[in-house]
Amino acid sequence: HDTGSLPEGKVEAIRAMSERRGMPFEWAFLLDAIQAERDQGITIDTTQIRFRTERRPYVIIDAPGHKEFLKNMVTGAANSEAALLLIDAAEGVQEQSRRHGYLLHLLGVRQVAVLVNKMDLVGYAAERFGQVAEDYRAYLAGLGVEPVAFIPVSAREGDNIVRHSPAMPWYQGPSVVETLDRFAHLPPPVDRPLRMPVQDVYKFDHRRIIAGRIESGSLAVGDEVVFSPSNKTARIRTIEAWNVPEAPERASAGQSIGVTLDEQIFIERGEVMSHLEGAPMESNVFRARIFWLGQAPLETGRQYLMKLGTTETRVTVEAIERVIDTDDLSSRPADRIPRNGAGEVVLRARRLLAVDEYESNPATGRFVLVEDYRPVGGGIISMEGYPDQRRLVTVKSTNIHAVGHAVTREARRARNGHKGGVLWFTGLSGAGKSTLALALERELFAKGYHVYVLDGDNIRSGLNANLGFSPDDRAENIRRVGEVAALFADAGFIAISAFISPYRADRERARRAA
């Protein structure tokens, strides 16, 4: 196949260079952009080269495999729709082969073919190919990845690259090029909820244009949209595009556009535009499955800059729940994740973020961690066990006005002999928080204090009887209790609260209410 992208005489020049150095000619030299790559026979940086089959054009992103250059491998794989994983037939499935499979899983590359290369070094033995293929198939199955093909090849000799090789008559599957043509071109995710991270806001003539790239879904003029996490709403007045004869009425995933709104609201870079229905979750804490590339290990308590879409914010590693061995996918508790390691962590931001779970929207469900201006890790988001905090901060009531009291706080304090307040007891079930709260209530009452205990079981039998024990319901349970406790405190009582409230955000919200 003629790539159509090689300068005239390129192949001849590389052949001549190989002869001068006494080195065998390698087709890989065509993709090696750095002299050290040709000298040492390894790929260091990514290289792109174009070619065309009878069916369609392709761009090959040659990515490094050595663990010292995994950042470059991630850069290449993150931009791909499909992957060809190469395994040395003589060496078999190595640690880096498993690591590459795990990285592709994290990056969401689901179309994979495995090439068992250098079959000429093992005498084109079918038994060796079968052994390597079965070993790797079992590993990928643990990740939920099903390769479309395992192909025995010899890249140097061209065996099974374009057409079937007579050196391996026992192999009846597709060649590499035939496999490429079987990969499906991934359509833009227009069927997913609308997500447009705001890139910037521009002022042209009388228009304020909110610009960004639609990562998923579609929108039309007149649609009502919400910007998260500010929760400001408006309608699309116009859709602006560049180098088009007239302004479009619709736009969809993959397009970079601008929009104007029917009212002037303050929007900043980092907000995510969506429809009201199917808006992203809002949270300042989430779980993540992460792959670590930093020189120093990832540790609990460390802070990093997180890039999520167009959002940049500081996050703290609140917990490392487990470290994953990419060799056999086993996991174990740990307090750090070493370089080139993987694990599951809990990250906490200083403010609410608009987030999607990776499984529901891959484009907006993955992030990068940066330290000293260098990417040190990447991961995918899971909200398992954590509530959507959007409804906890969204004010739906309108046309309401605060009503004061005829009795001031100072007057209540003078009458009661003490000021109001909230004491919040938290802990796991059976930890003794209700026992302590009741004992404290008894002692304070005996000393003349106006005091009352708000206990979880009592509240759930009345005010919160309609709430279950899902993360969202637990968060709403604590929100309501916090508001009730605040009313007690405002009335001059000492409210003692005894609740299972593991989420720091819920406790902070209750503290602000009080």
# chains A, B, ... in the order shown; residues from 1 in each chain; ligands from 1
$ residues_around --residues "stretch 312-328 of chain A" --least-positions-apart "6" --cutoff "8 Å" --atoms "only C-alpha atoms" --output "PyMOL selection string"
chain A and resi 95+98-99+102+139+270+299-306+334-337+341-350
$ residues_around --residues "A:Lys118" --least-positions-apart "3" --cutoff "9 Å" --atoms "only C-alpha atoms" --output "MDAnalysis selection string"
chainID A and resid 87:90 121:122 124 152:157
$ residues_around --residues "A:Gly294" --least-positions-apart "5" --cutoff "10 Å" --atoms "only C-alpha atoms" --output "PDB file with C-alpha atoms, in the first residue's frame"
ATOM      1  CA  LYS A  71       3.089   9.399  28.837  1.00  0.00           C
ATOM      2  CA  ILE A 337       0.341   4.266  44.267  1.00  0.00           C
ATOM      3  CA  PRO A 338       3.822   3.957  42.705  1.00  0.00           C
ATOM      4  CA  ARG A 339       4.882   5.217  39.316  1.00  0.00           C
ATOM      5  CA  ASN A 340       3.241   3.285  36.457  1.00  0.00           C
ATOM      6  CA  GLY A 341       0.775   1.862  38.968  1.00  0.00           C
ATOM      7  CA  LEU A 369      -3.844  15.349  37.134  1.00  0.00           C
ATOM      8  CA  VAL A 370      -1.010  17.865  36.793  1.00  0.00           C
ATOM      9  CA  GLU A 371       1.887  18.693  39.100  1.00  0.00           C
ATOM     10  CA  ARG A 374       3.495  18.154  34.006  1.00  0.00           C
ATOM     11  CA  PRO A 375       0.769  15.537  33.629  1.00  0.00           C
ATOM     12  CA  VAL A 376       1.295  12.923  36.340  1.00  0.00           C
ATOM     13  CA  GLY A 377      -1.847  10.830  36.114  1.00  0.00           C
TER      14      GLY A 377
END
$ closest_residue --among "A:Ile151, A:Ala141, A:Leu293, A:Leu463" --to "A:Ala126" --atoms "only C-alpha atoms"
A:Ile151
$ closest_residue --among "A:Gly492, A:Gly420, A:Pro57, A:Gly378" --to "A:Trp292" --atoms "only C-alpha atoms"
A:Gly378
$ closest_residue --among "A:Ser252, A:Ser461, A:Ser175, A:Thr260" --to "A:Thr238" --atoms "only C-alpha atoms"
A:Thr260
$ select_by_dssp --residues "stretch 302-476 of chain A" --states "strand (DSSP E or B)" --output "PyMOL selection string"
chain A and resi 303-308+311-324+331-332+336-337+342-355+366-371+374-382+421-426+451-455
$ residues_around --residues "A:Val145" --least-positions-apart "4" --cutoff "9 Å" --atoms "only C-alpha atoms" --output "ChimeraX atom specification"
/A:101,105,110-112,137,139-141
$ residues_around --residues "stretch 400-416 of chain A" --least-positions-apart "2" --cutoff "8 Å" --atoms "only C-alpha atoms" --output "JSON, numbers by chain"
{"A": [397, 398, 418, 419, 420, 449, 450, 490, 491, 492]}
$ closest_residue --among "A:Tyr202, A:Thr179, A:Pro362, A:Ser228" --to "A:Ser216" --atoms "only C-alpha atoms"
A:Pro362
$ closest_residue --among "A:Val259, A:Leu440, A:Leu85, A:Ala133" --to "A:Phe204" --atoms "only C-alpha atoms"
A:Val259
$ select_by_dssp --residues "stretch 399-473 of chain A" --states "helix (DSSP H, G or I)" --output "ChimeraX atom specification"
/A:409-416,433-446,456-460,471-473
$ write_last_selection --atoms "C-alpha atoms" --output "PDB file, in the first residue's frame"
ATOM      1  CA  ARG A 409     -32.185  36.554  69.326  1.00  0.00           C
ATOM      2  CA  GLU A 410     -30.873  38.771  72.106  1.00  0.00           C
ATOM      3  CA  ALA A 411     -34.254  38.713  73.830  1.00  0.00           C
ATOM      4  CA  ARG A 412     -34.428  34.910  73.569  1.00  0.00           C
ATOM      5  CA  ARG A 413     -30.891  34.633  74.933  1.00  0.00           C
ATOM      6  CA  ALA A 414     -31.768  36.883  77.884  1.00  0.00           C
ATOM      7  CA  ARG A 415     -34.921  34.889  78.676  1.00  0.00           C
ATOM      8  CA  ASN A 416     -33.258  31.447  78.298  1.00  0.00           C
ATOM      9  CA  LYS A 433     -23.694   8.676  69.249  1.00  0.00           C
ATOM     10  CA  SER A 434     -27.373   8.485  70.293  1.00  0.00           C
ATOM     11  CA  THR A 435     -26.393   7.260  73.773  1.00  0.00           C
ATOM     12  CA  LEU A 436     -24.000  10.191  74.203  1.00  0.00           C
ATOM     13  CA  ALA A 437     -26.516  12.665  72.787  1.00  0.00           C
ATOM     14  CA  LEU A 438     -29.261  11.554  75.197  1.00  0.00           C
ATOM     15  CA  ALA A 439     -26.909  11.628  78.192  1.00  0.00           C
ATOM     16  CA  LEU A 440     -25.780  15.126  77.228  1.00  0.00           C
ATOM     17  CA  GLU A 441     -29.394  16.235  76.817  1.00  0.00           C
ATOM     18  CA  ARG A 442     -30.198  14.999  80.313  1.00  0.00           C
ATOM     19  CA  GLU A 443     -27.214  16.787  81.885  1.00  0.00           C
ATOM     20  CA  LEU A 444     -27.822  20.085  80.095  1.00  0.00           C
ATOM     21  CA  PHE A 445     -31.540  20.021  80.917  1.00  0.00           C
ATOM     22  CA  ALA A 446     -30.717  19.413  84.573  1.00  0.00           C
ATOM     23  CA  GLY A 456     -31.889   9.666  63.059  1.00  0.00           C
ATOM     24  CA  ASP A 457     -34.487   6.978  63.795  1.00  0.00           C
ATOM     25  CA  ASN A 458     -36.992   9.492  65.187  1.00  0.00           C
ATOM     26  CA  ILE A 459     -36.644  11.881  62.260  1.00  0.00           C
ATOM     27  CA  ARG A 460     -37.002   9.054  59.721  1.00  0.00           C
ATOM     28  CA  PRO A 471     -26.595   8.214  48.511  1.00  0.00           C
ATOM     29  CA  ASP A 472     -29.027  10.871  47.251  1.00  0.00           C
ATOM     30  CA  ASP A 473     -31.600  10.135  49.971  1.00  0.00           C
TER      31      ASP A 473
END
$ residues_around --residues "A:Trp242" --least-positions-apart "5" --cutoff "10 Å" --atoms "only C-alpha atoms" --output "list of chain:residue names"
A:Ala247, A:Ser256, A:Ile257, A:Gly258
$ closest_residue --among "A:Asp372, A:Glu476, A:Glu508, A:Glu215" --to "A:Pro387" --atoms "only C-alpha atoms"
A:Glu476
$ residues_around --residues "A:Gly108" --least-positions-apart "3" --cutoff "10 Å" --atoms "only C-alpha atoms" --output "compact mmCIF listing (two decimals) with N, CA and C atoms, in the first residue's frame"
# COMPACT_ATOMS: atom_id res chain seq x y z
N ALA A 77 -2.66 7.03 22.29
CA ALA A 77 -3.85 6.19 22.41
C ALA A 77 -5.10 7.01 22.68
N ALA A 78 -4.96 8.15 23.39
CA ALA A 78 -6.13 8.96 23.73
C ALA A 78 -6.81 9.53 22.50
N SER A 80 -7.10 7.89 19.57
CA SER A 80 -7.37 6.82 18.60
C SER A 80 -8.78 6.27 18.74
N GLU A 81 -9.28 5.69 17.66
CA GLU A 81 -10.57 5.01 17.66
C GLU A 81 -10.42 3.51 17.81
N ALA A 82 -9.25 2.99 17.47
CA ALA A 82 -8.98 1.56 17.57
C ALA A 82 -7.49 1.38 17.84
N TYR A 102 -4.45 -2.46 30.02
CA TYR A 102 -5.16 -1.75 31.08
C TYR A 102 -5.32 -0.27 30.72
N LEU A 103 -4.30 0.33 30.16
CA LEU A 103 -4.39 1.73 29.76
C LEU A 103 -5.44 1.94 28.68
N LEU A 104 -5.49 1.06 27.71
CA LEU A 104 -6.52 1.17 26.67
C LEU A 104 -7.91 1.06 27.28
N HIS A 105 -8.05 0.19 28.29
CA HIS A 105 -9.33 0.06 28.99
C HIS A 105 -9.69 1.38 29.67
N GLN A 111 -12.11 -1.01 20.47
CA GLN A 111 -11.82 -1.79 19.27
C GLN A 111 -10.33 -2.12 19.26
N TYR A 358 -17.89 7.95 34.01
CA TYR A 358 -17.27 7.58 32.74
C TYR A 358 -18.15 6.62 31.96
N GLU A 359 -18.80 5.70 32.65
CA GLU A 359 -19.61 4.71 31.96
C GLU A 359 -20.79 5.34 31.24
N PRO A 362 -18.25 8.99 28.45
CA PRO A 362 -16.78 8.94 28.49
C PRO A 362 -16.11 10.28 28.20
N ALA A 363 -16.69 11.08 27.32
CA ALA A 363 -16.04 12.32 26.91
C ALA A 363 -15.86 13.27 28.08
N ARG A 366 -13.60 11.64 32.20
CA ARG A 366 -12.19 11.34 32.45
C ARG A 366 -11.42 12.64 32.65
N ILE A 380 -10.62 7.88 35.37
CA ILE A 380 -12.03 7.92 35.00
C ILE A 380 -12.86 8.01 36.27
